[in-house]
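As structure tokens, the structure follows; a few thoughts come after it.
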Amino acid sequence: MTDWTTADIPSLSGKTVVVTGATGGLGYETVLALAGAGAIVILTGRNDAKGLRAIEGICAQFPNALIAYEHLDLASLASVADFARRFAASNDQLDLLVNNAGVMALPKRLETEDGFEMQLGTNYLGHYALTARLLPQLRRVKGPRIVNLSSLAHRTGAIHFDDLQSQRSYRPWRAYCQSKLAMLMFSLELQRRSDAAGWGLRSVAAHPGYARTDLIPNGPGTNSFQSRVSRWLQPFISQSAAEGALPTLFAATSPAAEPGGYYGPNWFYELKGPPVEARIMPRAKDFASAAKLWDVSATLTGVSFDAIAAAA
């Protein structure tokens with residue numbers, strides 16, 4: 001597995017895929033590889049102009065790509081519900097959902113349309129609701145996969161149930177680490193609940209290591225201490241967006257990707273390199289906290305996996 005590349009992706013002909021946050025960076029590279037393998041790919045984003053440019057770029061490399069763009073804003077539960085309705089109206093099934101979209105370390109506390117802290121709402125709660133709403137289509141195929149993007153930042157994260165929305169105290173990196181820990185906990189809990197309820201899902205998490213994307217300049221900004229240090233160290237410890245997408249692609253397509261697994265780069269501190277099994281911190285394995293987070297998420301979003309599964 002340590003030399004795994006996109007050349008190892010099996011044929012995805014006939015497979016339907018949804019990738020969030022796919023107009024640039026890791027999401028774009030993920031879609032590019034999946035489309036190249038023959039999948040029917042729906043790339044989503046909140047900037048329609050960027051979405052159309054992404055389509056053009058992918059089709060320039062793969063003229064026969066089966067690809068479409070759909071508007072989806074993970075910071076709006078109404079947008080999530082609207083996308084799910086549109087998808088269900090034109091697709092009976094979904095083979096792969098890649099929950100990739102995210103924002104990082106926003107300098108000021110912002111809120112989503114629904115009043116959630118922006119990082120928690122975009123990175124986690126929107127994906128929780130989206131996955132639940134797409135559950136009927138996922139369950140109509142054999143072995144559907146959900147890939148959830150976490151981060152090395154989960155290692156220092158904690159779920160602050162007493163201030164989940166960072167209303168009393170907002171610190172950009174603390175909020176980001178919480179959101180990425182939540183994504184990993186969600187991925188593991190989703191597999192446990194699928195196994196218990198017989199949903200038949202394969203939930204897998206991944207992280208890109210330190211990939212060179214627009215996430216840092218669009219988050220903490222170019223003048224932050226973290227950004228200045230990152231720019232100085234980049235040539236030594238980072239990798240391209242295409243290389244950073246490899247753990248996601250492994251989780252999404254490899255027969256060796258385990259249900260409930262977590263994959264990242266193989267180099268020092270999992271910063272770069274081909275995909276291997278990644279380290280999961282003990283907090284992410286706290287079953288009681290994961291169950292509590294799941295219940296809180298259902299209450300906050302008004303979306304219940306169990307209710308959707310029962311109605312399907």
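Identifiers in this document derive from the order of the structure tokens: chains are assigned A, B, ..., residues are numbered from 1 separately in each chain, and ligands are numbered from 1 in order of occurrence.
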
Can you pull out every residue from region 64-310 of chain A that DSSP, working from the backbone, puts in strand (DSSP E), and format the result as a PyMOL selection string? chain A and resi 66-71+96-99+145-149+202-206+262-265+275-277

Exercise for the section: Please provide as a list of chain:residue names all residues within 10 Å of Gly14 (chain A), with the sequence filter that same-chain residues fewer than 6 positions apart are discarded (counting only C-alpha atoms). Expected result: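 So the residues in contact are A:Gly38, A:Ala39, A:Ile40, A:Leu66, A:Asp95.
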
(request) Could you tell me, as number ranges by chain, which residues of region 7-222 of chain A DSSP assigns to helix (DSSP H, G or I) when given the backbone? (result) A: 7-8, 25-36, 48-61, 77-90, 118-133, 135-138, 152-156, 161-163, 172-197

Skipping near chain neighbours, those fewer than 4 positions away, what residues fall within 8 Å of region 179-196 of chain A using only C-alpha atoms, listed as a PyMOL selection string?
chain A and resi 119-120+123-124+128+147-151+153-155+157-159+175+200-205+259-261+284-285+287+290-291+293-294

Requested in this report: Write out as a PyMOL selection string each polymer residue whose atoms come within 10 Å of Ala65 (chain A), counting only C-alpha atoms; drop sequence neighbours fewer than 2 positions from it.
Outcome: chain A and resi 32+34-41+55+58-63+67-68

Here is a test: counting only C-alpha atoms, which residue of A:Gln239, A:Asn47, A:Ser76, A:Thr30 is nearest to Leu97 (chain A)?
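Closest residue, counting only C-alpha atoms: A:Thr30.
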
If you count only C-alpha atoms, the residue of A:Ser169, A:Asn100, A:Thr23, A:Ser304 closest to Thr248 (chain A) turns out to be A:Asn100

Problem set entry | Point-to-point distance in Å for CA of Trp4 (chain A) and CA of Pro275 (chain A) |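 So the answer is 6.7 Å.
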
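Considering only C-alpha atoms, the residue among A:Arg283, A:Trp173, A:Pro274, A:Arg139 positioned nearest to Ala309 (chain A) is A:Arg139.
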
Practice task
Could you check which of A:Arg145, A:Gly121, A:Lys272, A:Gly115 is closest to Val19 (chain A), using only C-alpha atoms?
Solution key: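 Of all the options, A:Arg145 lies closest to Val19 (chain A).
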
Can you tell me, as a PDB file with C-alpha atoms, in the first residue's frame, what residues are no more than 10 Å from Thr301 (chain A) when counting only C-alpha atoms, ignoring any on the same chain fewer than 6 positions away?
```
ATOM      1  CA  LEU A  77     -29.164  23.240   5.841  1.00  0.00           C
ATOM      2  CA  ASP A 114     -28.579  28.356  10.604  1.00  0.00           C
ATOM      3  CA  PHE A 116     -23.842  27.443  13.756  1.00  0.00           C
ATOM      4  CA  GLY A 121     -21.356  24.017  10.560  1.00  0.00           C
ATOM      5  CA  LEU A 125     -22.837  19.535  10.635  1.00  0.00           C
ATOM      6  CA  GLY A 126     -23.548  20.164   6.945  1.00  0.00           C
ATOM      7  CA  TYR A 128     -23.762  15.036   8.804  1.00  0.00           C
ATOM      8  CA  ALA A 129     -27.077  16.281   7.365  1.00  0.00           C
TER       9      ALA A 129
END
```

Closest of A:Val296, A:Ala307, A:Ala256, A:Leu130 to Ile9 (chain A), counting only C-alpha atoms, is A:Ala256

message = Which residues are close to Glu117 (chain A), i.e. within 8 Å by only C-alpha atoms, leaving aside same-chain residues fewer than 5 positions away? Reply as a PyMOL selection string.
response = chain A and resi 109-112+165-166

Store the residues picked out above in a file with all heavy atoms, as a PDB file, in the first residue's frame.
```pdb
ATOM      1  N   ARG A 109     -15.037  34.912  14.356  1.00  0.00           N
ATOM      2  CA  ARG A 109     -16.154  33.982  14.477  1.00  0.00           C
ATOM      3  C   ARG A 109     -17.271  34.407  13.541  1.00  0.00           C
ATOM      4  O   ARG A 109     -17.785  35.527  13.614  1.00  0.00           O
ATOM      5  CB  ARG A 109     -16.680  33.929  15.904  1.00  0.00           C
ATOM      6  CG  ARG A 109     -17.789  32.895  16.096  1.00  0.00           C
ATOM      7  CD  ARG A 109     -18.363  32.914  17.507  1.00  0.00           C
ATOM      8  NE  ARG A 109     -19.384  31.878  17.659  1.00  0.00           N
ATOM      9  CZ  ARG A 109     -20.661  32.012  17.290  1.00  0.00           C
ATOM     10  NH1 ARG A 109     -21.076  33.153  16.749  1.00  0.00           N
ATOM     11  NH2 ARG A 109     -21.514  31.023  17.460  1.00  0.00           N
ATOM     12  N   LEU A 110     -17.646  33.504  12.650  1.00  0.00           N
ATOM     13  CA  LEU A 110     -18.759  33.713  11.737  1.00  0.00           C
ATOM     14  C   LEU A 110     -19.790  32.625  11.966  1.00  0.00           C
ATOM     15  O   LEU A 110     -19.471  31.569  12.526  1.00  0.00           O
ATOM     16  CB  LEU A 110     -18.278  33.675  10.283  1.00  0.00           C
ATOM     17  CG  LEU A 110     -17.223  34.701   9.878  1.00  0.00           C
ATOM     18  CD1 LEU A 110     -16.755  34.447   8.452  1.00  0.00           C
ATOM     19  CD2 LEU A 110     -17.761  36.124  10.025  1.00  0.00           C
ATOM     20  N   GLU A 111     -21.000  32.874  11.538  1.00  0.00           N
ATOM     21  CA  GLU A 111     -22.064  31.884  11.694  1.00  0.00           C
ATOM     22  C   GLU A 111     -22.616  31.470  10.343  1.00  0.00           C
ATOM     23  O   GLU A 111     -22.628  32.253   9.388  1.00  0.00           O
ATOM     24  CB  GLU A 111     -23.200  32.436  12.565  1.00  0.00           C
ATOM     25  CG  GLU A 111     -22.822  32.614  14.017  1.00  0.00           C
ATOM     26  CD  GLU A 111     -24.014  32.967  14.888  1.00  0.00           C
ATOM     27  OE1 GLU A 111     -25.108  33.266  14.334  1.00  0.00           O
ATOM     28  OE2 GLU A 111     -23.871  32.935  16.121  1.00  0.00           O
ATOM     29  N   THR A 112     -23.079  30.243  10.278  1.00  0.00           N
ATOM     30  CA  THR A 112     -23.755  29.749   9.086  1.00  0.00           C
ATOM     31  C   THR A 112     -25.161  30.346   9.026  1.00  0.00           C
ATOM     32  O   THR A 112     -25.619  31.022   9.949  1.00  0.00           O
ATOM     33  CB  THR A 112     -23.873  28.226   9.096  1.00  0.00           C
ATOM     34  OG1 THR A 112     -24.805  27.843  10.123  1.00  0.00           O
ATOM     35  CG2 THR A 112     -22.526  27.562   9.350  1.00  0.00           C
ATOM     36  N   GLN A 165     -20.612  25.838  19.945  1.00  0.00           N
ATOM     37  CA  GLN A 165     -20.633  26.848  18.891  1.00  0.00           C
ATOM     38  C   GLN A 165     -19.652  27.995  19.143  1.00  0.00           C
ATOM     39  O   GLN A 165     -19.715  29.028  18.459  1.00  0.00           O
ATOM     40  CB  GLN A 165     -22.054  27.411  18.731  1.00  0.00           C
ATOM     41  CG  GLN A 165     -23.138  26.381  18.530  1.00  0.00           C
ATOM     42  CD  GLN A 165     -22.969  25.574  17.249  1.00  0.00           C
ATOM     43  OE1 GLN A 165     -22.276  25.983  16.328  1.00  0.00           O
ATOM     44  NE2 GLN A 165     -23.616  24.415  17.184  1.00  0.00           N
ATOM     45  N   SER A 166     -18.761  27.805  20.113  1.00  0.00           N
ATOM     46  CA  SER A 166     -17.721  28.808  20.420  1.00  0.00           C
ATOM     47  C   SER A 166     -18.314  30.189  20.676  1.00  0.00           C
ATOM     48  O   SER A 166     -17.758  31.213  20.252  1.00  0.00           O
ATOM     49  CB  SER A 166     -16.697  28.888  19.280  1.00  0.00           C
ATOM     50  OG  SER A 166     -16.102  27.643  19.033  1.00  0.00           O
TER      51      SER A 166
END
```

Exercise. Show which residues sit within 10 Å of Phe87 (chain A), as number ranges by chain. Count only C-alpha atoms, and ignore same-chain residues fewer than 5 positions away.
Key: A: 18, 42, 70, 81-82, 92-94, 134, 137

Any chance you could export the current selection's all heavy atoms as a compact mmCIF listing (two decimals), in the first residue's frame?
```txt
# COMPACT_ATOMS: atom_id res chain seq x y z
N VAL A 18 -20.63 11.58 -5.59
CA VAL A 18 -20.82 12.98 -5.22
C VAL A 18 -19.62 13.40 -4.39
O VAL A 18 -19.22 12.70 -3.45
CB VAL A 18 -22.11 13.19 -4.40
CG1 VAL A 18 -22.16 14.61 -3.81
CG2 VAL A 18 -23.34 12.94 -5.27
N ILE A 42 -20.62 13.92 -9.74
CA ILE A 42 -21.29 15.20 -9.49
C ILE A 42 -20.40 15.97 -8.53
O ILE A 42 -20.23 15.58 -7.37
CB ILE A 42 -22.69 15.00 -8.90
CG1 ILE A 42 -23.57 14.23 -9.88
CG2 ILE A 42 -23.32 16.35 -8.55
CD1 ILE A 42 -24.88 13.76 -9.31
N GLU A 70 -23.17 20.79 -9.42
CA GLU A 70 -24.40 21.15 -8.70
C GLU A 70 -24.04 22.10 -7.57
O GLU A 70 -23.05 21.90 -6.87
CB GLU A 70 -25.08 19.91 -8.13
CG GLU A 70 -25.76 19.03 -9.16
CD GLU A 70 -27.07 19.59 -9.68
OE1 GLU A 70 -27.59 20.53 -9.05
OE2 GLU A 70 -27.55 19.10 -10.71
N ALA A 81 -30.63 20.29 1.99
CA ALA A 81 -31.89 19.61 1.73
C ALA A 81 -32.30 19.75 0.27
O ALA A 81 -32.79 18.80 -0.35
CB ALA A 81 -32.98 20.15 2.65
N ASP A 82 -32.09 20.94 -0.30
CA ASP A 82 -32.45 21.17 -1.70
C ASP A 82 -31.60 20.32 -2.63
O ASP A 82 -32.11 19.73 -3.59
CB ASP A 82 -32.28 22.65 -2.03
CG ASP A 82 -32.77 22.99 -3.42
OD1 ASP A 82 -33.92 22.66 -3.74
OD2 ASP A 82 -31.98 23.56 -4.21
N ASP A 92 -31.37 7.23 -8.72
CA ASP A 92 -31.92 6.21 -7.84
C ASP A 92 -30.91 5.72 -6.81
O ASP A 92 -31.31 5.24 -5.75
CB ASP A 92 -32.41 5.00 -8.65
CG ASP A 92 -33.63 5.33 -9.49
OD1 ASP A 92 -34.41 6.20 -9.07
OD2 ASP A 92 -33.79 4.72 -10.57
N GLN A 93 -29.63 5.85 -7.14
CA GLN A 93 -28.63 5.29 -6.25
C GLN A 93 -27.36 6.13 -6.23
O GLN A 93 -27.12 6.94 -7.12
CB GLN A 93 -28.29 3.86 -6.67
CG GLN A 93 -27.73 3.73 -8.07
CD GLN A 93 -27.59 2.28 -8.51
OE1 GLN A 93 -28.51 1.49 -8.34
NE2 GLN A 93 -26.43 1.93 -9.05
N LEU A 94 -26.57 5.92 -5.18
CA LEU A 94 -25.30 6.62 -5.01
C LEU A 94 -24.27 5.62 -4.51
O LEU A 94 -24.46 5.00 -3.47
CB LEU A 94 -25.47 7.77 -4.01
CG LEU A 94 -24.21 8.56 -3.64
CD1 LEU A 94 -23.59 9.21 -4.88
CD2 LEU A 94 -24.54 9.61 -2.58
N LEU A 134 -28.86 11.57 2.01
CA LEU A 134 -28.53 10.72 0.86
C LEU A 134 -28.54 9.24 1.22
O LEU A 134 -28.26 8.40 0.37
CB LEU A 134 -27.17 11.12 0.30
CG LEU A 134 -27.09 12.52 -0.33
CD1 LEU A 134 -25.67 12.80 -0.80
CD2 LEU A 134 -28.08 12.67 -1.49
N GLN A 137 -30.41 6.68 -1.17
CA GLN A 137 -29.72 6.36 -2.42
C GLN A 137 -28.47 5.51 -2.17
O GLN A 137 -28.14 4.63 -2.96
CB GLN A 137 -29.34 7.66 -3.16
CG GLN A 137 -30.50 8.38 -3.79
CD GLN A 137 -31.39 9.08 -2.78
OE1 GLN A 137 -30.90 9.69 -1.84
NE2 GLN A 137 -32.70 8.96 -2.95
```
